[in-house]
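Next up, entry_5.cif (mmCIF, C-alpha atoms):
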```cif
data_coords
loop_
_atom_site.label_atom_id
_atom_site.label_comp_id
_atom_site.auth_asym_id
_atom_site.auth_seq_id
_atom_site.Cartn_x
_atom_site.Cartn_y
_atom_site.Cartn_z
CA MET A 16 -7.81 8.20 12.80
CA LYS A 17 -10.28 5.63 11.49
CA HIS A 18 -11.44 6.37 7.93
CA PRO A 19 -14.82 4.84 7.03
CA GLU A 20 -13.86 4.86 3.36
CA VAL A 21 -10.56 4.49 1.51
CA LYS A 22 -10.13 4.89 -2.24
CA VAL A 23 -7.23 3.78 -4.38
CA THR A 24 -6.60 3.97 -8.12
CA VAL A 25 -4.16 1.56 -9.74
CA LYS A 26 -3.09 0.64 -13.23
CA ASN A 27 -3.96 -2.55 -15.07
CA ARG A 28 -0.72 -4.35 -14.22
CA ILE A 29 -0.34 -7.28 -11.90
CA GLU A 30 2.30 -5.76 -9.62
CA ASP A 31 -0.18 -3.03 -8.58
CA LEU A 32 -2.01 -5.77 -6.67
CA LEU A 33 0.60 -5.40 -3.94
CA ARG A 34 -0.21 -1.70 -3.50
CA VAL A 35 -3.93 -2.48 -3.24
CA ASN A 36 -3.18 -5.21 -0.71
CA SER A 37 -1.10 -2.92 1.42
CA ILE A 38 -3.78 -0.20 1.42
CA PHE A 39 -6.41 -2.81 2.28
CA GLU A 40 -4.25 -4.23 5.09
CA SER A 41 -4.00 -0.85 6.79
CA PHE A 42 -7.76 -0.21 6.29
CA ALA A 43 -8.50 -3.69 7.72
CA THR A 44 -6.32 -3.10 10.77
CA GLN A 45 -8.08 0.23 11.47
CA HIS A 46 -11.44 -1.53 11.36
CA ASP A 47 -10.45 -4.64 13.34
CA ILE A 48 -10.88 -6.86 10.30
CA GLY A 49 -8.69 -9.88 10.93
CA GLY A 50 -8.34 -13.65 10.67
CA ARG A 51 -10.51 -15.57 8.25
CA LEU A 52 -12.59 -12.50 7.31
CA ARG A 53 -9.45 -10.60 6.28
CA TYR A 54 -8.20 -13.61 4.34
CA HIS A 55 -11.47 -13.96 2.43
CA LEU A 56 -11.40 -10.28 1.50
CA LEU A 57 -7.75 -10.42 0.39
CA VAL A 58 -8.45 -13.42 -1.85
CA SER A 59 -11.50 -11.63 -3.31
CA ILE A 60 -9.50 -8.46 -4.04
CA GLU A 61 -6.85 -10.44 -5.88
CA GLU A 62 -9.30 -12.52 -7.90
CA ILE A 63 -11.36 -9.52 -9.04
CA LEU A 64 -8.36 -7.36 -9.80
CA THR A 65 -6.51 -10.05 -11.78
CA ASN A 66 -9.72 -10.75 -13.70
CA ILE A 67 -10.07 -7.09 -14.69
CA ILE A 68 -6.39 -6.88 -15.62
CA LYS A 69 -6.42 -10.09 -17.70
CA TYR A 70 -9.79 -9.82 -19.42
CA GLY A 71 -11.07 -6.29 -19.04
CA PHE A 72 -9.24 -4.42 -21.77
CA ASP A 73 -9.21 -5.15 -25.47
CA GLU A 74 -6.30 -2.92 -26.34
CA GLN A 75 -2.83 -2.70 -24.83
CA GLY A 76 -2.04 0.35 -22.78
CA VAL A 77 -2.48 1.76 -19.33
CA HIS A 78 -5.99 1.82 -17.88
CA PRO A 79 -6.99 2.98 -14.42
CA ILE A 80 -8.94 0.77 -12.02
CA HIS A 81 -10.62 2.47 -9.07
CA ILE A 82 -11.16 0.55 -5.85
CA THR A 83 -13.07 1.68 -2.78
CA PHE A 84 -13.04 -0.01 0.62
CA ARG A 85 -15.66 1.05 3.13
CA VAL A 86 -17.41 -0.10 6.26
CA VAL A 87 -21.20 0.42 6.24
CA VAL A 88 -22.79 -0.46 9.57
CA ASP A 89 -21.59 -4.04 10.09
CA ASN A 90 -20.57 -4.74 6.49
CA VAL A 91 -17.33 -4.36 4.63
CA GLU A 92 -17.92 -3.18 1.06
CA MET A 93 -15.38 -3.29 -1.73
CA GLU A 94 -16.16 -1.61 -5.04
CA PHE A 95 -14.18 -2.08 -8.25
CA GLU A 96 -14.67 0.30 -11.17
CA ASP A 97 -13.05 0.20 -14.59
CA ARG A 98 -13.75 1.42 -18.11
CA GLY A 99 -12.95 -1.86 -19.79
CA ARG A 100 -15.30 -3.71 -22.10
CA GLU A 101 -18.59 -4.80 -20.62
CA PHE A 102 -17.90 -7.85 -18.51
CA ASN A 103 -19.87 -9.33 -15.65
CA PRO A 104 -17.53 -11.68 -13.78
CA LEU A 105 -20.49 -13.15 -11.88
CA GLU A 106 -21.64 -14.76 -15.13
CA VAL A 107 -18.39 -16.71 -15.57
CA GLU A 108 -19.11 -20.41 -15.96
CA ASP A 109 -18.82 -22.55 -12.81
CA PRO A 110 -15.46 -24.29 -12.53
CA ASP A 111 -14.65 -27.98 -12.74
CA LEU A 112 -14.29 -29.10 -9.11
CA VAL A 113 -14.34 -32.86 -9.55
CA SER A 114 -12.35 -34.18 -12.54
CA ALA A 115 -9.20 -36.24 -12.02
CA ILE A 116 -5.82 -34.51 -12.31
CA GLU A 117 -5.40 -35.25 -16.03
CA ASN A 118 -8.68 -33.61 -17.00
CA ARG A 119 -9.00 -30.89 -14.37
CA GLN A 120 -9.54 -27.42 -15.85
CA LEU A 121 -8.94 -24.15 -14.08
CA GLY A 122 -11.35 -21.70 -15.70
CA GLY A 123 -13.63 -19.80 -13.36
CA LEU A 124 -11.88 -20.84 -10.16
CA GLY A 125 -11.04 -17.32 -9.02
CA ILE A 126 -14.62 -16.07 -9.36
CA HIS A 127 -15.85 -19.25 -7.67
CA LEU A 128 -13.65 -18.44 -4.66
CA VAL A 129 -15.05 -14.89 -4.54
CA LYS A 130 -18.67 -16.13 -4.66
CA LYS A 131 -17.96 -18.50 -1.77
CA MET A 132 -16.07 -15.94 0.28
CA VAL A 133 -18.34 -12.88 0.18
CA ASP A 134 -21.97 -12.56 1.25
CA ALA A 135 -23.17 -10.54 -1.74
CA ALA A 136 -21.83 -9.52 -5.13
CA GLU A 137 -23.54 -7.08 -7.50
CA TYR A 138 -22.46 -6.08 -10.99
CA ARG A 139 -23.66 -2.97 -12.81
CA ARG A 140 -22.78 -1.46 -16.18
CA VAL A 141 -23.10 2.30 -15.92
CA GLY A 142 -22.29 4.13 -19.16
CA ASP A 143 -18.87 2.80 -20.15
CA LYS A 144 -18.05 1.62 -16.61
CA ASN A 145 -18.04 -1.83 -15.05
CA ILE A 146 -18.88 -1.54 -11.37
CA LEU A 147 -18.63 -4.56 -9.11
CA LEU A 148 -19.66 -4.32 -5.47
CA LEU A 149 -18.73 -7.04 -2.98
CA ARG A 150 -20.20 -7.08 0.50
CA LYS A 151 -19.32 -9.16 3.52
CA SER A 152 -20.53 -9.04 7.10
CA LYS A 153 -17.94 -8.19 9.70
CA SER A 154 -19.52 -10.42 12.31
CA ALA A 155 -21.42 -13.30 10.71
CA PRO A 156 -19.20 -16.21 9.64
CA THR A 157 -19.39 -17.25 5.98
CA PRO A 158 -20.37 -20.88 5.55
CA THR A 159 -18.27 -22.55 2.89
CA SER A 160 -17.62 -25.96 1.32
CA MET B 11 9.00 -9.29 -17.05
CA THR B 12 10.50 -6.12 -15.57
CA GLU B 13 13.15 -5.97 -12.88
CA GLY B 14 10.60 -4.54 -10.46
CA PHE B 15 8.28 -7.48 -10.96
CA ARG B 16 10.99 -9.95 -9.90
CA ASP B 17 11.90 -7.92 -6.82
CA ILE B 18 8.30 -7.88 -5.70
CA SER B 19 7.94 -11.63 -6.27
CA ARG B 20 10.90 -12.32 -4.07
CA MET B 21 9.26 -10.41 -1.26
CA SER B 22 5.90 -12.25 -1.45
CA VAL B 23 7.22 -15.81 -1.25
CA GLN B 24 10.39 -17.54 -0.22
CA ILE B 25 11.10 -20.91 -1.78
CA HIS B 26 13.61 -23.40 -0.37
CA THR B 27 14.23 -26.68 -2.13
CA ALA B 28 16.13 -29.56 -0.50
CA LYS B 29 16.56 -33.33 -0.83
CA GLU B 30 15.23 -34.98 2.31
CA GLY B 31 15.03 -38.73 2.86
CA ASN B 32 13.86 -40.33 -0.37
CA GLY B 33 12.15 -37.22 -1.75
CA THR B 34 12.51 -33.51 -2.40
CA VAL B 35 10.91 -30.93 -0.13
CA VAL B 36 9.92 -27.53 -1.47
CA GLN B 37 9.23 -25.21 1.42
CA LEU B 38 6.99 -22.23 0.73
CA GLN B 39 6.96 -19.24 3.03
CA GLY B 40 4.74 -16.21 2.64
CA LYS B 41 2.19 -15.64 -0.11
CA VAL B 42 1.59 -17.49 -3.34
CA ASP B 43 -0.42 -14.86 -5.19
CA ALA B 44 -0.62 -13.63 -8.78
CA THR B 45 2.76 -11.91 -8.46
CA SER B 46 4.66 -14.84 -6.93
CA ALA B 47 2.93 -17.89 -8.44
CA PRO B 48 5.22 -17.93 -11.54
CA SER B 49 8.35 -18.40 -9.37
CA VAL B 50 6.67 -21.20 -7.40
CA GLU B 51 5.65 -22.91 -10.63
CA GLN B 52 9.20 -22.62 -11.94
CA ALA B 53 10.64 -24.18 -8.77
CA LEU B 54 8.19 -27.10 -8.78
CA VAL B 55 8.57 -27.82 -12.48
CA GLY B 56 12.37 -27.67 -12.05
CA VAL B 57 12.26 -30.43 -9.42
CA ILE B 58 9.97 -32.60 -11.58
CA GLU B 59 12.13 -32.12 -14.67
CA GLN B 60 15.15 -33.35 -12.71
CA GLY B 61 13.35 -36.67 -12.42
CA GLU B 62 12.12 -36.47 -8.81
CA LYS B 63 9.08 -38.70 -8.32
CA ARG B 64 8.39 -37.85 -4.72
CA LEU B 65 7.78 -34.19 -4.04
CA VAL B 66 6.59 -32.79 -0.74
CA ILE B 67 5.45 -29.17 -0.54
CA ASP B 68 5.91 -27.94 3.01
CA CYS B 69 3.18 -25.34 3.58
CA ALA B 70 3.77 -24.65 7.28
CA GLY B 71 4.93 -21.11 6.45
CA LEU B 72 2.45 -20.53 3.63
CA ASP B 73 -0.12 -18.05 4.85
CA PHE B 74 -1.87 -17.10 1.61
CA ILE B 75 -2.87 -18.76 -1.64
CA SER B 76 -5.19 -17.54 -4.42
CA SER B 77 -6.37 -19.14 -7.66
CA ALA B 78 -3.10 -18.07 -9.32
CA GLY B 79 -1.26 -20.26 -6.81
CA LEU B 80 -3.69 -23.12 -7.38
CA ARG B 81 -3.08 -22.84 -11.13
CA SER B 82 0.68 -23.32 -10.58
CA LEU B 83 0.11 -26.30 -8.30
CA LEU B 84 -2.28 -27.90 -10.78
CA LEU B 85 0.22 -27.50 -13.58
CA ALA B 86 2.92 -29.12 -11.42
CA VAL B 87 0.75 -32.03 -10.32
CA LYS B 88 -0.34 -32.69 -13.93
CA LYS B 89 3.35 -32.87 -14.98
CA MET B 90 4.22 -35.06 -12.01
CA LYS B 91 1.33 -37.45 -12.68
CA ALA B 92 2.40 -37.75 -16.32
CA ALA B 93 5.94 -38.55 -15.11
CA GLY B 94 4.59 -41.29 -12.84
CA GLY B 95 5.23 -39.55 -9.51
CA GLY B 96 3.19 -37.75 -6.88
CA ILE B 97 3.03 -34.49 -4.95
CA ALA B 98 2.13 -34.41 -1.26
CA LEU B 99 1.25 -31.28 0.69
CA ALA B 100 2.20 -30.91 4.33
CA ALA B 101 1.05 -28.67 7.20
CA LEU B 102 -1.62 -26.55 5.47
CA GLN B 103 -2.83 -23.61 7.57
CA PRO B 104 -6.62 -23.48 8.03
CA ASN B 105 -7.21 -20.51 5.68
CA VAL B 106 -5.12 -22.12 2.95
CA LYS B 107 -6.80 -25.50 3.51
CA GLU B 108 -10.18 -23.81 3.08
CA VAL B 109 -9.14 -22.50 -0.37
CA PHE B 110 -8.16 -26.06 -1.33
CA ASP B 111 -11.49 -27.41 -0.09
CA ILE B 112 -13.62 -24.77 -1.85
CA SER B 113 -11.70 -25.36 -5.10
CA GLY B 114 -11.97 -29.13 -5.03
CA PHE B 115 -8.17 -29.26 -4.83
CA SER B 116 -7.97 -31.31 -1.64
CA ALA B 117 -8.78 -34.40 -3.74
CA LEU B 118 -5.87 -33.77 -6.12
CA PHE B 119 -3.10 -34.04 -3.52
CA THR B 120 -2.19 -36.29 -0.64
CA ILE B 121 -2.40 -33.99 2.36
CA HIS B 122 -0.41 -34.64 5.54
CA GLY B 123 -0.42 -32.92 8.91
CA SER B 124 3.34 -32.49 8.94
CA LYS B 125 6.38 -32.66 6.69
CA ALA B 126 7.66 -35.65 8.70
CA ASP B 127 4.43 -37.58 7.99
CA ALA B 128 4.61 -36.69 4.30
CA LEU B 129 8.15 -38.09 4.04
CA LYS B 130 7.31 -41.40 5.76
#
```
The structure given in the file should be rewritten as structure tokens.
Amino acid sequence: MKHPEVKVTVKNRIEDLLRVNSIFESFATQHDIGGRLRYHLLVSIEEILTNIIKYGFDEQGVHPIHITFRVVVDNVEMEFEDRGREFNPLEVEDPDLVSAIENRQLGGLGIHLVKKMVDAAEYRRVGDKNILLLRKSKSAPTPTS
Amino acid sequence: MTEGFRDISRMSVQIHTAKEGNGTVVQLQGKVDATSAPSVEQALVGVIEQGEKRLVIDCAGLDFISSAGLRSLLLAVKKMKAAGGGIALAALQPNVKEVFDISGFSALFTIHGSKADALK
């Protein structure tokens, strides 16, 4: 049975990434999402999720993060929803891609990878929720580098 | 770090370290993601702190890397550079190579087609 939409809720802890990955892998297999496309989506999931876990919540404690995977016509959509503080990851400063080893900084690299690997990214603040939607075509190759 | 966290890390990546020729080879197999990057970082830093100046990371079996993995590699290469040595990468798979290219990381490492070439 091929489900057009799969939802998963995890906690704000890094090991839950593996559960999200495994749910995505089975969704991807059902929808013939493989190779480079699958890789780009897996990287994007990890970068967004780790960002929310690391920066999304001011106070300690367990917070749910809701993730939806769906196929809409020829696009894969991935939606991340949390009730953390207002934070638009798409506004993170561009990373340093050119400095020599000694001076190279790492900030913003994860979000940079996501921007390069998906076709569209939209952030919305709805009430107390951060909602990030990523979209990527199943058929058109993503130009990078 | 909980016990469960370590168990999961072990499943995502396997790390084998061995002296080969006049260098040390760290072979990575599996995924270097946010859960496994700390163990990779620990292994690389361990080799550097033992005084090795020539480190080859064999990536033939590495099929996934994210920015967490890049962060660990950058930390290792910074330490190695400060110690006067170098880190070479061997046998990057295309998807992994693309992450290096997009991140501007390909310029930070010597990249070889195979482990044998990297050890020459």
Task: Test item: the PyMOL selection byres ((chain B) within 10 of (chain A)) resolved as a ChimeraX atom specification - done: /B:14-16,18-19,22,43-46,73-78,80-81,84-85,87-89,91-92,104-106,108-115,117-119
Task: Pairwise distance for CA of Ile80 (chain A) and CA of Pro156 (chain A), rounded to one decimal in Å - done: 29.4 Å
TODO: Evaluate the PyMOL selection byres ((chain A and resi 146) around 7) on the structure here and hand back the selected residues as a ChimeraX atom specification.
DONE: /A:94-97,138-140,144-145,147-148
- [ ] For CA of Asn66 (chain A) and CA of Val36 (chain B), quote the distance in Å rounded to one decimal.
- [x] 28.6 Å
TODO: Determine the nearest neighbour of Asp127 (chain B) from the options B:Ala100, B:Ala70, B:Leu38, B:Val57, counting only C-alpha atoms.
DONE: B:Ala100
Task: Test item: residues at most 8 Å from Leu149 (chain A), all atoms listed in the file, excluding those fewer than 3 positions along its chain, as a PyMOL selection string - done: chain A and resi 92-94+133-137
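Considering only C-alpha atoms, the residue among A:His46, A:Ile63, A:Gly142, A:His81 positioned nearest to Pro104 (chain A) is A:Ile63.
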Open item on the list: Take the PyMOL selection byres ((chain B and resi 66) around 9), run it mentally on this structure, and tell me the resulting residues as a PyMOL selection string.
Closed with: chain B and resi 33-37+64-65+67-68+96-100+125+128-129
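CA of His78 (chain A) is found 13.7 Å from CA of Val23 (chain A).
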So which residues fall inside 12 Å of (-13.1, -2.3, -21.9) if we count all atoms listed in the file? Mind giving them as a short mmCIF file (atom, residue, chain, number, x, y, z; two decimals) with C-alpha atoms, in the frame of the given file?
```
data_model
loop_
_atom_site.label_atom_id
_atom_site.label_comp_id
_atom_site.auth_asym_id
_atom_site.auth_seq_id
_atom_site.Cartn_x
_atom_site.Cartn_y
_atom_site.Cartn_z
CA ASN A 27 -3.96 -2.55 -15.07
CA ILE A 67 -10.07 -7.09 -14.69
CA ILE A 68 -6.39 -6.88 -15.62
CA LYS A 69 -6.42 -10.09 -17.70
CA TYR A 70 -9.79 -9.82 -19.42
CA GLY A 71 -11.07 -6.29 -19.04
CA PHE A 72 -9.24 -4.42 -21.77
CA ASP A 73 -9.21 -5.15 -25.47
CA GLU A 74 -6.30 -2.92 -26.34
CA GLN A 75 -2.83 -2.70 -24.83
CA GLY A 76 -2.04 0.35 -22.78
CA VAL A 77 -2.48 1.76 -19.33
CA HIS A 78 -5.99 1.82 -17.88
CA PRO A 79 -6.99 2.98 -14.42
CA ILE A 80 -8.94 0.77 -12.02
CA GLU A 96 -14.67 0.30 -11.17
CA ASP A 97 -13.05 0.20 -14.59
CA ARG A 98 -13.75 1.42 -18.11
CA GLY A 99 -12.95 -1.86 -19.79
CA ARG A 100 -15.30 -3.71 -22.10
CA GLU A 101 -18.59 -4.80 -20.62
CA PHE A 102 -17.90 -7.85 -18.51
CA ASN A 103 -19.87 -9.33 -15.65
CA ARG A 140 -22.78 -1.46 -16.18
CA GLY A 142 -22.29 4.13 -19.16
CA ASP A 143 -18.87 2.80 -20.15
CA LYS A 144 -18.05 1.62 -16.61
CA ASN A 145 -18.04 -1.83 -15.05
#
```
Write out as a short mmCIF file (atom, residue, chain, number, x, y, z; two decimals) with C-alpha atoms, keeping the file's coordinate frame which residues come within 7 Å of Gln24 (chain B) when counting only C-alpha atoms, dropping same-chain ones fewer than 2 positions away.
```
data_model
loop_
_atom_site.label_atom_id
_atom_site.label_comp_id
_atom_site.auth_asym_id
_atom_site.auth_seq_id
_atom_site.Cartn_x
_atom_site.Cartn_y
_atom_site.Cartn_z
CA ARG B 20 10.90 -12.32 -4.07
CA HIS B 26 13.61 -23.40 -0.37
CA LEU B 38 6.99 -22.23 0.73
CA GLN B 39 6.96 -19.24 3.03
CA GLY B 40 4.74 -16.21 2.64
#
```
